[in-house]
Amino acid sequence: MAHIVEITNFFAPELDAYARLTENQLKNRLHPEDGVFIAESPKVIGTALDAGLIPVSLLTERRHIEGSAAELLQRLGDVPVYTADDGLLSKLTGYDLTRGVLCAMRRPQEQTAQEVLKGARRVAVLEDIVDATNLGAIFRSAAALGLDGVLLSPACCDPLLRRAVRVSMGTVFQVPWARLEDWEVLKAEGFFTAALALRPDAWTIDDHRLLGREKLAMVLGTEGTGLKEQTLRRCDAAVIIPMKRGVDSLNVSNAAAIAFWALRVQNQ
């Protein structure tokens with residue numbers, strides 16, 4: 001049975017995760033085992049619970065306790081549920097709550113790139129994607145279109161940023177991901193690497209030399225300048241999405257969705 005706690009003190013330390021800690025403080029770089037993140041909305045929180053993530057506490061508008069949060073509360077055991085009316089919570093958090101429910105959860109132990117690639121056939125490699133909205137959208141497409149994993153360069157933003165989690169609709173809990181520290185792991189696991197980049201020698205995305213690959217990594221670059229020259233040299237081929245009306249590129253999350261669909265495993 002969930003433990004309902006009426007908020008009477010805005011400055012109670014147990015509310016810091018919702019009101020006062022930055023994203024970096026939530027991640028707790030000095031002690032990663034103590035790190036938390038914030039999930040928003042009953043659907044996203046439910047997806048996190050389905051994935052085995054551990055809740056620390058819940059913050060919800062009072063009216064949702066017997067409404068949209070009721071099913072969640074049945075799953076939380078004795079986890080504290082902090083509550084007040086919506087006006088008070090907006091004052092506490094500084095913004096309106098998304099669908100009236102926030103949940104602080106323990107960060108899962110991160111996987112290694114080797115673990116993500118084991119048994120995988122289609123993966124995305126993201127270089128320096130720093131916009132949480134784009135990252136969340138890419139994860140949602142990766143989940144919907146059957147990718148086996150996502151690898152992130154060290155400079156990519158955190159998939160467990162509040163906005164990335166929200167935009168992904170919780171798919172960051174479903175698609176395996178890891179930081180890519182050593183490019184050679186892709187080669188060692190037998191992946192053909194295809195860079196989405198505007199190059200004069202680029203293959204079109206429907207090229208037969210791509211479609212039949214047993215293991216394929218689709219490499220996408222930062223929102224502004226695209227992939228680094230060093231990364232392009234590491235890749236086995238450059239790939240373009242043919243376009244019309246003089247348009248030369250798409251938002252990285254849109255390009256990712258098209259690539260994931262076009263280069264999906266064909267014999268499933």
# chains A, B, ... in the order shown; residues from 1 in each chain; ligands from 1
>>> residues_around(residues="Gly221 of chain A", least_positions_apart="3", cutoff="10 Å", atoms="only C-alpha atoms", output="PyMOL selection string")
chain A and resi 125-129+153+156+195-197+224-228+231-232+252
>>> residues_around(residues="Val116 of chain A", least_positions_apart="3", cutoff="12 Å", atoms="only C-alpha atoms", output="MDAnalysis selection string")
chainID A and resid 110:113 119:125 147:152 175:180 185:186 189
>>> write_last_selection(atoms="N, CA and C atoms", output="PDB file, in the first residue's frame")
ATOM      1  N   GLU A 110      24.394   1.259 -16.039  1.00  0.00           N
ATOM      2  CA  GLU A 110      24.590   1.397 -17.485  1.00  0.00           C
ATOM      3  C   GLU A 110      25.263   0.163 -18.065  1.00  0.00           C
ATOM      4  N   GLN A 111      24.839  -0.207 -19.267  1.00  0.00           N
ATOM      5  CA  GLN A 111      25.443  -1.325 -19.970  1.00  0.00           C
ATOM      6  C   GLN A 111      26.710  -0.877 -20.693  1.00  0.00           C
ATOM      7  N   THR A 112      27.490  -1.828 -21.141  1.00  0.00           N
ATOM      8  CA  THR A 112      28.640  -1.533 -21.988  1.00  0.00           C
ATOM      9  C   THR A 112      28.218  -1.644 -23.447  1.00  0.00           C
ATOM     10  N   ALA A 113      29.027  -1.060 -24.322  1.00  0.00           N
ATOM     11  CA  ALA A 113      28.742  -1.158 -25.752  1.00  0.00           C
ATOM     12  C   ALA A 113      28.736  -2.620 -26.204  1.00  0.00           C
ATOM     13  N   GLY A 119      24.359  -9.938 -30.074  1.00  0.00           N
ATOM     14  CA  GLY A 119      23.124 -10.438 -30.674  1.00  0.00           C
ATOM     15  C   GLY A 119      22.360  -9.414 -31.490  1.00  0.00           C
ATOM     16  N   ALA A 120      22.859  -8.164 -31.566  1.00  0.00           N
ATOM     17  CA  ALA A 120      22.148  -7.104 -32.294  1.00  0.00           C
ATOM     18  C   ALA A 120      22.424  -7.186 -33.790  1.00  0.00           C
ATOM     19  N   ARG A 121      21.462  -6.677 -34.592  1.00  0.00           N
ATOM     20  CA  ARG A 121      21.634  -6.619 -36.039  1.00  0.00           C
ATOM     21  C   ARG A 121      21.511  -5.192 -36.586  1.00  0.00           C
ATOM     22  N   ARG A 122      20.708  -4.387 -35.927  1.00  0.00           N
ATOM     23  CA  ARG A 122      20.534  -2.993 -36.352  1.00  0.00           C
ATOM     24  C   ARG A 122      20.676  -2.084 -35.129  1.00  0.00           C
ATOM     25  N   VAL A 123      21.634  -1.159 -35.197  1.00  0.00           N
ATOM     26  CA  VAL A 123      21.833  -0.220 -34.095  1.00  0.00           C
ATOM     27  C   VAL A 123      22.030   1.181 -34.655  1.00  0.00           C
ATOM     28  N   ALA A 124      21.802   2.160 -33.811  1.00  0.00           N
ATOM     29  CA  ALA A 124      22.119   3.544 -34.139  1.00  0.00           C
ATOM     30  C   ALA A 124      23.326   3.975 -33.324  1.00  0.00           C
ATOM     31  N   VAL A 125      24.188   4.748 -33.958  1.00  0.00           N
ATOM     32  CA  VAL A 125      25.326   5.360 -33.273  1.00  0.00           C
ATOM     33  C   VAL A 125      25.131   6.868 -33.367  1.00  0.00           C
ATOM     34  N   LEU A 147      14.944  -1.218 -33.787  1.00  0.00           N
ATOM     35  CA  LEU A 147      16.384  -1.238 -33.559  1.00  0.00           C
ATOM     36  C   LEU A 147      16.712  -2.036 -32.299  1.00  0.00           C
ATOM     37  N   ASP A 148      17.881  -2.637 -32.318  1.00  0.00           N
ATOM     38  CA  ASP A 148      18.305  -3.471 -31.198  1.00  0.00           C
ATOM     39  C   ASP A 148      19.061  -2.695 -30.126  1.00  0.00           C
ATOM     40  N   GLY A 149      19.532  -1.493 -30.457  1.00  0.00           N
ATOM     41  CA  GLY A 149      20.269  -0.727 -29.473  1.00  0.00           C
ATOM     42  C   GLY A 149      20.686   0.624 -30.001  1.00  0.00           C
ATOM     43  N   VAL A 150      21.123   1.479 -29.095  1.00  0.00           N
ATOM     44  CA  VAL A 150      21.624   2.813 -29.417  1.00  0.00           C
ATOM     45  C   VAL A 150      22.938   3.015 -28.675  1.00  0.00           C
ATOM     46  N   LEU A 151      23.956   3.449 -29.404  1.00  0.00           N
ATOM     47  CA  LEU A 151      25.242   3.795 -28.812  1.00  0.00           C
ATOM     48  C   LEU A 151      25.431   5.303 -28.902  1.00  0.00           C
ATOM     49  N   LEU A 152      25.937   5.896 -27.826  1.00  0.00           N
ATOM     50  CA  LEU A 152      26.058   7.344 -27.729  1.00  0.00           C
ATOM     51  C   LEU A 152      27.505   7.750 -27.527  1.00  0.00           C
ATOM     52  N   VAL A 175      14.797   0.344 -25.111  1.00  0.00           N
ATOM     53  CA  VAL A 175      15.870   0.139 -26.088  1.00  0.00           C
ATOM     54  C   VAL A 175      17.212   0.146 -25.356  1.00  0.00           C
ATOM     55  N   PRO A 176      17.984  -0.924 -25.432  1.00  0.00           N
ATOM     56  CA  PRO A 176      19.296  -0.938 -24.763  1.00  0.00           C
ATOM     57  C   PRO A 176      20.196   0.178 -25.298  1.00  0.00           C
ATOM     58  N   TRP A 177      20.941   0.826 -24.406  1.00  0.00           N
ATOM     59  CA  TRP A 177      21.856   1.877 -24.838  1.00  0.00           C
ATOM     60  C   TRP A 177      23.110   1.866 -23.978  1.00  0.00           C
ATOM     61  N   ALA A 178      24.159   2.448 -24.546  1.00  0.00           N
ATOM     62  CA  ALA A 178      25.444   2.525 -23.837  1.00  0.00           C
ATOM     63  C   ALA A 178      26.270   3.639 -24.449  1.00  0.00           C
ATOM     64  N   ARG A 179      27.268   4.080 -23.714  1.00  0.00           N
ATOM     65  CA  ARG A 179      28.242   5.025 -24.240  1.00  0.00           C
ATOM     66  C   ARG A 179      29.273   4.273 -25.082  1.00  0.00           C
ATOM     67  N   LEU A 180      29.611   4.842 -26.230  1.00  0.00           N
ATOM     68  CA  LEU A 180      30.608   4.238 -27.111  1.00  0.00           C
ATOM     69  C   LEU A 180      31.948   4.922 -26.864  1.00  0.00           C
ATOM     70  N   VAL A 185      34.993  -1.446 -31.212  1.00  0.00           N
ATOM     71  CA  VAL A 185      34.063  -2.487 -30.776  1.00  0.00           C
ATOM     72  C   VAL A 185      33.047  -2.799 -31.871  1.00  0.00           C
ATOM     73  N   LEU A 186      32.691  -1.802 -32.687  1.00  0.00           N
ATOM     74  CA  LEU A 186      31.769  -2.038 -33.802  1.00  0.00           C
ATOM     75  C   LEU A 186      32.395  -2.979 -34.827  1.00  0.00           C
ATOM     76  N   GLU A 189      32.627  -6.550 -33.526  1.00  0.00           N
ATOM     77  CA  GLU A 189      31.354  -7.268 -33.524  1.00  0.00           C
ATOM     78  C   GLU A 189      30.784  -7.460 -34.919  1.00  0.00           C
TER      79      GLU A 189
END
>>> residues_around(residues="segment 134-142 of chain A", least_positions_apart="3", cutoff="8 Å", atoms="only C-alpha atoms", output="ChimeraX atom specification")
/A:124,129-131,145-150,157,159,163-169,171-172,175,252-253,256-257,260
>>> write_last_selection(atoms="C-alpha atoms", output="PDB file, in the first residue's frame")
ATOM      1  CA  ALA A 124      22.119   3.544 -34.139  1.00  0.00           C
ATOM      2  CA  ILE A 129      23.428  14.840 -30.054  1.00  0.00           C
ATOM      3  CA  VAL A 130      22.931  17.470 -27.357  1.00  0.00           C
ATOM      4  CA  ASP A 131      19.254  18.341 -27.698  1.00  0.00           C
ATOM      5  CA  LEU A 145      11.077   0.545 -35.880  1.00  0.00           C
ATOM      6  CA  GLY A 146      12.840  -2.381 -34.272  1.00  0.00           C
ATOM      7  CA  LEU A 147      16.384  -1.238 -33.559  1.00  0.00           C
ATOM      8  CA  ASP A 148      18.305  -3.471 -31.198  1.00  0.00           C
ATOM      9  CA  GLY A 149      20.269  -0.727 -29.473  1.00  0.00           C
ATOM     10  CA  VAL A 150      21.624   2.813 -29.417  1.00  0.00           C
ATOM     11  CA  CYS A 157      23.216  14.302 -23.702  1.00  0.00           C
ATOM     12  CA  PRO A 159      18.977   9.713 -22.253  1.00  0.00           C
ATOM     13  CA  ARG A 163      12.793  15.985 -21.320  1.00  0.00           C
ATOM     14  CA  ALA A 164      14.439  13.101 -23.184  1.00  0.00           C
ATOM     15  CA  VAL A 165      12.488  10.583 -21.108  1.00  0.00           C
ATOM     16  CA  ARG A 166       9.232  12.454 -21.685  1.00  0.00           C
ATOM     17  CA  VAL A 167       9.674  12.870 -25.461  1.00  0.00           C
ATOM     18  CA  SER A 168      10.713   9.237 -25.811  1.00  0.00           C
ATOM     19  CA  MET A 169       7.474   8.168 -24.092  1.00  0.00           C
ATOM     20  CA  THR A 171      11.255   4.009 -24.762  1.00  0.00           C
ATOM     21  CA  VAL A 172      14.645   4.922 -23.251  1.00  0.00           C
ATOM     22  CA  VAL A 175      15.870   0.139 -26.088  1.00  0.00           C
ATOM     23  CA  VAL A 252      18.372  14.572 -37.147  1.00  0.00           C
ATOM     24  CA  SER A 253      15.414  12.862 -35.457  1.00  0.00           C
ATOM     25  CA  ALA A 256      16.905   8.824 -38.050  1.00  0.00           C
ATOM     26  CA  ALA A 257      13.309   7.638 -38.348  1.00  0.00           C
ATOM     27  CA  PHE A 260      15.614   3.110 -39.286  1.00  0.00           C
TER      28      PHE A 260
END
>>> residues_around(residues="Glu33 of chain A", least_positions_apart="2", cutoff="10 Å", atoms="only C-alpha atoms", output="PyMOL selection string")
chain A and resi 27-31+35-36+106-109
>>> atom_distance(atom1="atom CA of Arg234 of chain A", atom2="atom CA of Leu198 of chain A")
15.5 Å
